[in-house]
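Here is run_16.tsv, consisting of TSV, C-alpha atoms and all ligand atoms:
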```tsv
chain	number	residue	atom	x	y	z
A	1	MET	CA	-41.11	25.44	0.39
A	2	LYS	CA	-44.28	24.64	-1.48
A	3	LYS	CA	-44.18	23.97	-5.21
A	4	ILE	CA	-46.61	26.23	-7.05
A	5	VAL	CA	-47.97	26.22	-10.59
A	6	VAL	CA	-49.68	29.35	-11.90
A	7	MET	CA	-52.12	29.02	-14.78
A	8	ILE	CA	-52.89	32.02	-16.97
A	9	SER	CA	-54.63	33.00	-20.20
A	10	GLY	CA	-53.83	36.69	-20.64
A	11	SER	CA	-51.93	39.67	-19.31
A	12	GLY	CA	-50.53	37.96	-16.23
A	13	SER	CA	-50.40	40.97	-13.91
A	14	ASN	CA	-51.44	38.70	-11.05
A	15	LEU	CA	-48.79	36.21	-12.08
A	16	GLU	CA	-46.21	38.98	-11.80
A	17	ALA	CA	-47.49	39.97	-8.35
A	18	ILE	CA	-47.11	36.33	-7.25
A	19	ILE	CA	-43.60	36.08	-8.75
A	20	LYS	CA	-42.50	39.25	-6.93
A	21	ALA	CA	-43.94	38.01	-3.64
A	22	CYS	CA	-42.09	34.68	-4.03
A	23	ASN	CA	-38.83	36.47	-4.87
A	24	SER	CA	-39.12	38.75	-1.83
A	25	ARG	CA	-40.04	35.80	0.44
A	26	LYS	CA	-43.53	37.15	1.07
A	27	ILE	CA	-44.68	33.78	-0.22
A	28	TYR	CA	-43.07	30.71	1.27
A	29	GLY	CA	-43.16	28.93	-2.04
A	30	GLU	CA	-41.61	28.62	-5.45
A	31	ILE	CA	-43.28	28.83	-8.85
A	32	VAL	CA	-42.08	25.73	-10.67
A	33	CYS	CA	-44.02	26.39	-13.85
A	34	VAL	CA	-46.43	28.77	-15.54
A	35	ILE	CA	-49.03	27.14	-17.76
A	36	SER	CA	-50.83	29.12	-20.42
A	37	ASN	CA	-53.66	27.83	-22.61
A	38	ASN	CA	-53.09	30.84	-24.86
A	39	PRO	CA	-49.85	30.93	-26.88
A	40	ASP	CA	-50.15	34.73	-27.21
A	41	ALA	CA	-50.71	35.54	-23.55
A	42	TYR	CA	-48.58	38.51	-22.42
A	43	GLY	CA	-48.08	36.67	-19.13
A	44	ILE	CA	-45.68	34.36	-20.99
A	45	GLU	CA	-43.34	37.35	-21.50
A	46	ARG	CA	-43.60	38.18	-17.80
A	47	ALA	CA	-42.68	34.60	-16.85
A	48	LYS	CA	-39.73	34.70	-19.28
A	49	LYS	CA	-38.47	37.94	-17.69
A	50	TYR	CA	-38.08	36.04	-14.40
A	51	SER	CA	-36.77	32.83	-16.04
A	52	ILE	CA	-39.71	30.76	-14.90
A	53	PRO	CA	-40.40	27.58	-16.91
A	54	ILE	CA	-43.39	27.95	-19.21
A	55	LYS	CA	-45.67	25.31	-20.63
A	56	ILE	CA	-48.15	26.21	-23.35
A	57	ILE	CA	-51.08	23.86	-23.69
A	58	ASP	CA	-53.19	25.41	-26.43
A	59	HIS	CA	-56.82	24.40	-25.90
A	60	ASN	CA	-57.52	24.98	-29.62
A	61	LYS	CA	-55.54	21.85	-30.38
A	62	TYR	CA	-58.05	19.66	-28.55
A	63	SER	CA	-61.53	19.15	-29.96
A	64	LYS	CA	-62.89	17.85	-26.66
A	65	ARG	CA	-62.72	19.65	-23.33
A	66	ASP	CA	-61.80	16.41	-21.55
A	67	ASP	CA	-58.81	15.84	-23.84
A	68	PHE	CA	-57.39	19.23	-22.87
A	69	ASP	CA	-58.02	18.47	-19.18
A	70	ASP	CA	-56.35	15.03	-19.51
A	71	ILE	CA	-53.17	16.56	-20.94
A	72	LEU	CA	-53.17	19.10	-18.13
A	73	VAL	CA	-53.58	16.39	-15.49
A	74	LYS	CA	-50.73	14.38	-16.96
A	75	PHE	CA	-48.45	17.41	-17.02
A	76	LEU	CA	-49.36	18.47	-13.46
A	77	ASP	CA	-48.93	14.91	-12.18
A	78	ASP	CA	-45.39	14.77	-13.50
A	79	LEU	CA	-44.54	18.05	-11.73
A	80	ASP	CA	-45.75	16.79	-8.34
A	81	ILE	CA	-46.91	20.18	-7.12
A	82	ASP	CA	-48.52	21.43	-3.90
A	83	LEU	CA	-50.63	24.31	-5.18
A	84	ILE	CA	-52.21	25.33	-8.48
A	85	ILE	CA	-53.24	28.96	-8.84
A	86	LEU	CA	-55.70	29.96	-11.55
A	87	ALA	CA	-54.75	33.62	-12.01
A	88	GLY	CA	-56.72	34.92	-14.96
A	89	PHE	CA	-57.11	31.42	-16.39
A	90	MET	CA	-60.16	31.62	-18.63
A	91	ARG	CA	-60.97	27.97	-19.35
A	92	ILE	CA	-63.61	25.96	-17.55
A	93	LEU	CA	-62.14	22.80	-16.05
A	94	GLY	CA	-64.15	19.57	-15.79
A	95	GLU	CA	-65.06	17.13	-13.06
A	96	ASN	CA	-61.99	14.87	-13.35
A	97	ILE	CA	-59.29	17.48	-13.01
A	98	THR	CA	-61.11	19.56	-10.40
A	99	GLN	CA	-61.79	16.47	-8.28
A	100	LYS	CA	-58.23	15.27	-8.58
A	101	PHE	CA	-56.81	18.57	-7.37
A	102	TYR	CA	-59.62	19.46	-4.95
A	103	GLY	CA	-58.07	21.38	-2.07
A	104	LYS	CA	-54.92	22.14	-4.05
A	105	MET	CA	-56.34	24.34	-6.80
A	106	ILE	CA	-57.55	27.89	-6.18
A	107	ASN	CA	-59.12	30.47	-8.46
A	108	LEU	CA	-59.11	34.24	-8.46
A	109	HIS	CA	-62.41	35.75	-9.57
A	110	PRO	CA	-63.18	39.47	-10.01
A	111	SER	CA	-66.46	39.75	-8.15
A	112	LEU	CA	-67.94	39.33	-4.71
A	113	LEU	CA	-69.14	35.77	-5.24
A	114	PRO	CA	-71.81	34.45	-5.29
A	115	LEU	CA	-72.50	37.66	-7.22
A	116	TYR	CA	-71.54	37.53	-10.90
A	117	PRO	CA	-69.91	34.19	-11.66
A	118	GLY	CA	-68.60	34.01	-15.22
A	119	LEU	CA	-67.62	36.92	-17.43
A	120	ASN	CA	-68.05	40.72	-17.52
A	121	THR	CA	-68.24	41.11	-13.77
A	122	HIS	CA	-67.09	44.75	-13.72
A	123	THR	CA	-69.68	45.83	-16.29
A	124	GLN	CA	-72.40	44.07	-14.33
A	125	ALA	CA	-71.38	45.78	-11.08
A	126	LEU	CA	-71.40	49.19	-12.82
A	127	ASN	CA	-74.67	48.61	-14.71
A	128	ASN	CA	-76.40	47.45	-11.56
A	129	LYS	CA	-75.12	50.53	-9.69
A	130	ASP	CA	-73.73	48.30	-6.96
A	131	LYS	CA	-72.35	50.00	-3.88
A	132	TYR	CA	-69.45	47.56	-3.61
A	133	HIS	CA	-67.37	45.50	-6.01
A	134	GLY	CA	-64.55	43.14	-5.22
A	135	ILE	CA	-62.67	39.92	-5.69
A	136	SER	CA	-62.99	36.38	-4.44
A	137	ILE	CA	-60.43	33.63	-3.98
A	138	HIS	CA	-61.87	30.14	-3.71
A	139	PHE	CA	-61.03	26.46	-4.01
A	140	VAL	CA	-61.94	25.12	-7.44
A	141	THR	CA	-64.76	22.66	-8.10
A	142	ALA	CA	-66.40	21.67	-11.37
A	143	LYS	CA	-69.15	24.22	-10.71
A	144	LEU	CA	-68.07	27.52	-12.23
A	145	ASP	CA	-66.83	30.06	-9.65
A	146	ALA	CA	-68.69	28.27	-6.90
A	147	GLY	CA	-66.12	26.34	-4.81
A	148	PRO	CA	-65.48	26.99	-1.10
A	149	LEU	CA	-64.58	30.64	-0.52
A	150	ILE	CA	-61.23	31.43	1.08
A	151	ALA	CA	-61.11	35.22	1.10
A	152	GLN	CA	-62.69	38.28	-0.46
A	153	GLY	CA	-61.58	41.85	-0.90
A	154	LYS	CA	-64.03	44.68	-1.51
A	155	ILE	CA	-63.99	48.30	-2.60
A	156	LEU	CA	-66.61	51.02	-2.63
A	157	ILE	CA	-67.57	51.90	-6.20
A	158	LYS	CA	-66.91	55.63	-6.67
A	159	ALA	CA	-69.02	58.00	-8.78
A	160	GLU	CA	-66.05	58.62	-11.08
A	161	ASP	CA	-65.41	54.91	-11.72
A	162	ASP	CA	-65.74	53.90	-15.34
A	163	LEU	CA	-64.87	50.41	-16.54
A	164	GLU	CA	-61.16	51.16	-16.90
A	165	LYS	CA	-60.80	52.82	-13.50
A	166	LEU	CA	-62.77	50.09	-11.78
A	167	ILE	CA	-60.64	47.33	-13.33
A	168	ALA	CA	-57.47	49.14	-12.24
A	169	ARG	CA	-58.76	49.43	-8.66
A	170	ILE	CA	-59.79	45.76	-8.64
A	171	HIS	CA	-56.35	44.73	-9.90
A	172	LYS	CA	-54.75	46.56	-6.96
A	173	VAL	CA	-56.86	44.52	-4.56
A	174	GLU	CA	-56.00	41.30	-6.39
A	175	HIS	CA	-52.27	42.01	-6.39
A	176	ASP	CA	-52.38	42.57	-2.65
A	177	LEU	CA	-54.74	39.84	-1.47
A	178	LEU	CA	-53.87	36.93	-3.75
A	179	PRO	CA	-50.19	36.67	-2.70
A	180	LYS	CA	-51.24	36.89	0.98
A	181	VAL	CA	-53.69	34.03	0.57
A	182	ILE	CA	-51.13	31.96	-1.32
A	183	ASN	CA	-48.60	32.46	1.46
A	184	GLU	CA	-51.05	31.33	4.15
A	185	LEU	CA	-51.84	28.24	2.05
A	186	CYS	CA	-48.11	27.55	1.73
A	187	LEU	CA	-47.74	27.82	5.51
A	188	ASN	CA	-50.77	25.53	6.03
A	189	ASN	CA	-52.51	28.34	7.93
A	190	ILE	CA	-55.39	27.86	5.52
A	191	TYR	CA	-56.50	24.53	4.11
A	192	LEU	CA	-59.60	22.80	2.87
A	193	ASN	CA	-61.20	19.97	4.78
A	194	CYS	CA	-62.12	17.95	1.70
A	195	GLU	CA	-64.67	15.83	3.61
A	196	THR	CA	-66.72	18.69	5.04
A	197	HIS	CA	-65.81	21.19	2.27
A	198	LYS	CA	-65.06	23.72	5.02
A	199	VAL	CA	-62.13	26.09	4.72
A	200	MET	CA	-60.02	25.91	7.89
A	201	TYR	CA	-58.01	28.88	9.18
A	202	SER	CA	-55.44	29.02	11.93
A	203	ASP	CA	-56.45	31.17	14.89
A	204	LYS	CA	-56.24	34.94	14.62
A	205	LEU	CA	-55.77	34.87	10.87
A	206	GLU	CA	-57.05	38.23	9.63
A	207	LEU	CA	-58.03	36.66	6.30
A	208	LYS	CA	-60.84	34.64	7.81
A	209	MET	CA	-62.62	37.89	8.65
A	210	SER	CA	-63.17	38.64	4.99
A	211	PRO	CA	-64.47	40.47	2.99
A	212	ILE	CA	-61.56	42.76	3.71
A	213	TYR	CA	-62.24	46.38	2.85
A	214	PHE	CA	-59.67	48.13	0.63
A	215	ASN	CA	-59.64	51.88	0.58
A	216	ASN	CA	-57.90	52.49	-2.76
B	301	LIG	C1	-58.10	39.16	-13.15
B	301	LIG	O1	-58.82	40.33	-12.87
B	301	LIG	C2	-58.84	37.94	-12.64
B	301	LIG	O2	-59.62	38.21	-11.51
B	301	LIG	C3	-59.72	37.61	-13.81
B	301	LIG	O3	-58.94	37.86	-14.94
B	301	LIG	C4	-58.03	38.91	-14.65
B	301	LIG	C5	-56.65	38.50	-15.10
B	301	LIG	O4	-55.75	39.56	-15.03
B	301	LIG	N1	-60.15	36.25	-13.77
B	301	LIG	C6	-61.32	35.84	-14.23
B	301	LIG	O5	-62.13	36.57	-14.75
B	301	LIG	C7	-61.58	34.37	-14.04
B	301	LIG	N2	-62.96	34.07	-14.14
B	301	LIG	P1	-54.20	39.30	-15.18
B	301	LIG	O6	-54.04	38.38	-16.40
B	301	LIG	O7	-53.62	40.66	-15.42
B	301	LIG	O8	-53.71	38.66	-13.93
```

Translate the structure of the given file into structure tokens.
Ligand code: GAR
Amino acid sequence: MKKIVVMISGSGSNLEAIIKACNSRKIYGEIVCVISNNPDAYGIERAKKYSIPIKIIDHNKYSKRDDFDDILVKFLDDLDIDLIILAGFMRILGENITQKFYGKMINLHPSLLPLYPGLNTHTQALNNKDKYHGISIHFVTAKLDAGPLIAQGKILIKAEDDLEKLIARIHKVEHDLLPKVINELCLNNIYLNCETHKVMYSDKLELKMSPIYFNN
């Protein structure tokens, strides 16, 4: 079984979806630690509920970005993990850490990248009257929300969607697709060729046909 670390900053609903999938063997892996950069993140309570070890590394305690990254690297090195999942982790990570874990670290982002990297993706999709909105899961590089894409999920924006409804629908997609992707990574059915930067999929894997349309 693969050793997984999940990094969070807030509510942790995706963390909980991953925990449930691990517990029901839908992910062939085990979460060895949850890292939060925010001591008040609700996700910490969720991790506690399932007795998962928690490490808080408060970014406010480090004046330089690199110092925070260095502490993270040291901690992750000691854990000797296979996969790092950024699930609602809201800190930008630098060159050193992203290079060190290139191919092992993935990020969940709430937009159809390359559309809307950064913040406020749902508002942008609504304001621009986009037909579709969605989520992307990608390997992490130092360039914000721009690493090699693994999978995307998309939904049709409905006339009745306001910000709250749209976020709820996007969360549903995330809670479904992220655990599936993590499982395929754990089974080595998906991996990154770090030389060519190409994402490799085993034959017939439905996920490589993304964006996958969700009718929720
Ligand atoms: C998720 O929607 C995730 O896509 C987004 O934060 C939310 C966290 O929700 N991530 C980003 O915006 C990263 N750029 P959660 O804490 O309930 O899992």

Original post:
What does the distance from atom CA of Ser13 of chain A to atom CA of Asn96 of chain A come to in Å, to one decimal?
Top reply: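 Going from atom CA of Ser13 of chain A over to atom CA of Asn96 of chain A, I get 28.6 Å.
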
**OP:** Collect all residues with atoms no farther than 8 Å from ligand LIG 301 (chain B), counting only C-alpha atoms and all ligand atoms, and output them as an NGL selection string.
**Re:** :A and (8-16 or 43 or 86-90 or 107-111 or 117-121 or 135 or 145 or 167 or 170-171 or 174)

Can you write out the residues you just picked, keeping C-alpha atoms, as a PDB file, in the coordinates of the input?
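Printed below is part17.pdb as written:
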```pdb
ATOM      1  CA  ILE A   8     -52.890  32.020 -16.970  1.00  0.00           C
ATOM      2  CA  SER A   9     -54.630  33.000 -20.200  1.00  0.00           C
ATOM      3  CA  GLY A  10     -53.830  36.690 -20.640  1.00  0.00           C
ATOM      4  CA  SER A  11     -51.930  39.670 -19.310  1.00  0.00           C
ATOM      5  CA  GLY A  12     -50.530  37.960 -16.230  1.00  0.00           C
ATOM      6  CA  SER A  13     -50.400  40.970 -13.910  1.00  0.00           C
ATOM      7  CA  ASN A  14     -51.440  38.700 -11.050  1.00  0.00           C
ATOM      8  CA  LEU A  15     -48.790  36.210 -12.080  1.00  0.00           C
ATOM      9  CA  GLU A  16     -46.210  38.980 -11.800  1.00  0.00           C
ATOM     10  CA  GLY A  43     -48.080  36.670 -19.130  1.00  0.00           C
ATOM     11  CA  LEU A  86     -55.700  29.960 -11.550  1.00  0.00           C
ATOM     12  CA  ALA A  87     -54.750  33.620 -12.010  1.00  0.00           C
ATOM     13  CA  GLY A  88     -56.720  34.920 -14.960  1.00  0.00           C
ATOM     14  CA  PHE A  89     -57.110  31.420 -16.390  1.00  0.00           C
ATOM     15  CA  MET A  90     -60.160  31.620 -18.630  1.00  0.00           C
ATOM     16  CA  ASN A 107     -59.120  30.470  -8.460  1.00  0.00           C
ATOM     17  CA  LEU A 108     -59.110  34.240  -8.460  1.00  0.00           C
ATOM     18  CA  HIS A 109     -62.410  35.750  -9.570  1.00  0.00           C
ATOM     19  CA  PRO A 110     -63.180  39.470 -10.010  1.00  0.00           C
ATOM     20  CA  SER A 111     -66.460  39.750  -8.150  1.00  0.00           C
ATOM     21  CA  PRO A 117     -69.910  34.190 -11.660  1.00  0.00           C
ATOM     22  CA  GLY A 118     -68.600  34.010 -15.220  1.00  0.00           C
ATOM     23  CA  LEU A 119     -67.620  36.920 -17.430  1.00  0.00           C
ATOM     24  CA  ASN A 120     -68.050  40.720 -17.520  1.00  0.00           C
ATOM     25  CA  THR A 121     -68.240  41.110 -13.770  1.00  0.00           C
ATOM     26  CA  ILE A 135     -62.670  39.920  -5.690  1.00  0.00           C
ATOM     27  CA  ASP A 145     -66.830  30.060  -9.650  1.00  0.00           C
ATOM     28  CA  ILE A 167     -60.640  47.330 -13.330  1.00  0.00           C
ATOM     29  CA  ILE A 170     -59.790  45.760  -8.640  1.00  0.00           C
ATOM     30  CA  HIS A 171     -56.350  44.730  -9.900  1.00  0.00           C
ATOM     31  CA  GLU A 174     -56.000  41.300  -6.390  1.00  0.00           C
TER      32      GLU A 174
END
```

Original post:
Smallest atom-to-atom distance to Cys33 of chain A: which of A:Phe214, A:Ile97, A:Ala17, A:Leu83, using only C-alpha atoms?
Top reply: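 Using only C-alpha atoms, Cys33 of chain A sits closest to A:Leu83.
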
**OP:** Between atom CA of Val6 of chain A and atom CA of Phe139 of chain A, measure the distance and give it in Å to one decimal.
**Re:**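 These two atoms are separated by 14.1 Å.
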
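Picture a line from atom CA of Ile155 of chain A to atom CA of Leu115 of chain A; it runs 14.4 Å.
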
Subject >> Minimum-distance residue to Thr123 of chain A, chosen among A:Asp161, A:Thr141, A:Leu149, A:Lys3 (using only C-alpha atoms) >> reply: A:Asp161

**OP:** Write out as a PyMOL selection string which residues come within 9 Å of Pro53 of chain A when counting only C-alpha atoms, dropping same-chain ones fewer than 5 positions away.
**Re:** chain A and resi 31-35+47-48

Subject >> Distance criterion (all atoms listed in the file): nearest to Arg169 of chain A out of A:Asn60, A:Thr98, A:Asn215, A:Gln124 >> reply: A:Asn215

Return segment 101-112 of chain A, completed with all heavy atoms, as a compact mmCIF listing (two decimals), in the coordinates of the input.
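The new file out.txt reads:
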```txt
# COMPACT_ATOMS: atom_id res chain seq x y z
N PHE A 101 -57.60 17.55 -8.07
CA PHE A 101 -56.81 18.57 -7.37
C PHE A 101 -57.65 19.37 -6.37
O PHE A 101 -57.27 20.48 -5.99
CB PHE A 101 -56.14 19.50 -8.39
CG PHE A 101 -55.13 18.78 -9.24
CD1 PHE A 101 -55.38 18.54 -10.59
CD2 PHE A 101 -53.95 18.30 -8.69
CE1 PHE A 101 -54.46 17.85 -11.38
CE2 PHE A 101 -53.03 17.61 -9.48
CZ PHE A 101 -53.28 17.39 -10.82
N TYR A 102 -58.75 18.78 -5.92
CA TYR A 102 -59.62 19.46 -4.95
C TYR A 102 -58.82 19.75 -3.67
O TYR A 102 -58.19 18.85 -3.11
CB TYR A 102 -60.83 18.58 -4.64
CG TYR A 102 -61.89 19.24 -3.79
CD1 TYR A 102 -62.37 20.51 -4.08
CD2 TYR A 102 -62.43 18.58 -2.68
CE1 TYR A 102 -63.35 21.12 -3.30
CE2 TYR A 102 -63.42 19.17 -1.89
CZ TYR A 102 -63.87 20.44 -2.22
OH TYR A 102 -64.84 21.04 -1.44
N GLY A 103 -58.83 20.99 -3.26
CA GLY A 103 -58.07 21.38 -2.07
C GLY A 103 -56.68 21.91 -2.39
O GLY A 103 -56.01 22.48 -1.54
N LYS A 104 -56.26 21.69 -3.65
CA LYS A 104 -54.92 22.14 -4.05
C LYS A 104 -55.00 23.24 -5.10
O LYS A 104 -54.01 23.86 -5.45
CB LYS A 104 -54.16 21.00 -4.73
CG LYS A 104 -53.43 20.08 -3.80
CD LYS A 104 -52.55 19.15 -4.63
CE LYS A 104 -51.77 18.22 -3.73
NZ LYS A 104 -50.80 17.44 -4.49
N MET A 105 -56.20 23.41 -5.68
CA MET A 105 -56.34 24.34 -6.80
C MET A 105 -57.23 25.50 -6.38
O MET A 105 -58.36 25.28 -5.91
CB MET A 105 -56.95 23.60 -7.99
CG MET A 105 -57.06 24.43 -9.25
SD MET A 105 -57.92 23.51 -10.56
CE MET A 105 -56.57 22.66 -11.35
N ILE A 106 -56.73 26.73 -6.53
CA ILE A 106 -57.55 27.89 -6.18
C ILE A 106 -57.72 28.80 -7.39
O ILE A 106 -56.90 28.80 -8.31
CB ILE A 106 -56.97 28.69 -4.99
CG1 ILE A 106 -55.65 29.38 -5.36
CG2 ILE A 106 -56.79 27.81 -3.76
CD1 ILE A 106 -55.21 30.44 -4.36
N ASN A 107 -58.80 29.56 -7.36
CA ASN A 107 -59.12 30.47 -8.46
C ASN A 107 -59.32 31.88 -7.93
O ASN A 107 -59.87 32.09 -6.85
CB ASN A 107 -60.40 29.99 -9.15
CG ASN A 107 -60.80 30.88 -10.32
OD1 ASN A 107 -59.96 31.27 -11.13
ND2 ASN A 107 -62.07 31.23 -10.40
N LEU A 108 -58.87 32.82 -8.74
CA LEU A 108 -59.11 34.24 -8.46
C LEU A 108 -60.25 34.69 -9.36
O LEU A 108 -60.19 34.49 -10.58
CB LEU A 108 -57.84 35.02 -8.81
CG LEU A 108 -57.94 36.54 -8.85
CD1 LEU A 108 -58.18 37.09 -7.44
CD2 LEU A 108 -56.65 37.13 -9.44
N HIS A 109 -61.27 35.31 -8.76
CA HIS A 109 -62.41 35.75 -9.57
C HIS A 109 -62.75 37.21 -9.23
O HIS A 109 -62.85 37.57 -8.06
CB HIS A 109 -63.62 34.86 -9.33
CG HIS A 109 -64.78 35.23 -10.20
ND1 HIS A 109 -64.79 34.94 -11.56
CD2 HIS A 109 -65.93 35.89 -9.94
CE1 HIS A 109 -65.92 35.41 -12.08
NE2 HIS A 109 -66.62 35.99 -11.12
N PRO A 110 -62.97 38.04 -10.27
CA PRO A 110 -63.18 39.47 -10.01
C PRO A 110 -64.62 39.85 -9.71
O PRO A 110 -65.23 40.65 -10.42
CB PRO A 110 -62.68 40.12 -11.31
CG PRO A 110 -63.01 39.10 -12.36
CD PRO A 110 -62.88 37.75 -11.71
N SER A 111 -65.16 39.29 -8.64
CA SER A 111 -66.46 39.75 -8.15
C SER A 111 -66.62 39.26 -6.72
O SER A 111 -65.86 38.41 -6.26
CB SER A 111 -67.62 39.20 -8.99
OG SER A 111 -67.91 37.87 -8.63
N LEU A 112 -67.64 39.80 -6.06
CA LEU A 112 -67.94 39.33 -4.71
C LEU A 112 -68.89 38.14 -4.84
O LEU A 112 -70.10 38.28 -4.75
CB LEU A 112 -68.57 40.47 -3.89
CG LEU A 112 -67.61 41.61 -3.56
CD1 LEU A 112 -68.37 42.83 -3.03
CD2 LEU A 112 -66.56 41.17 -2.54
```
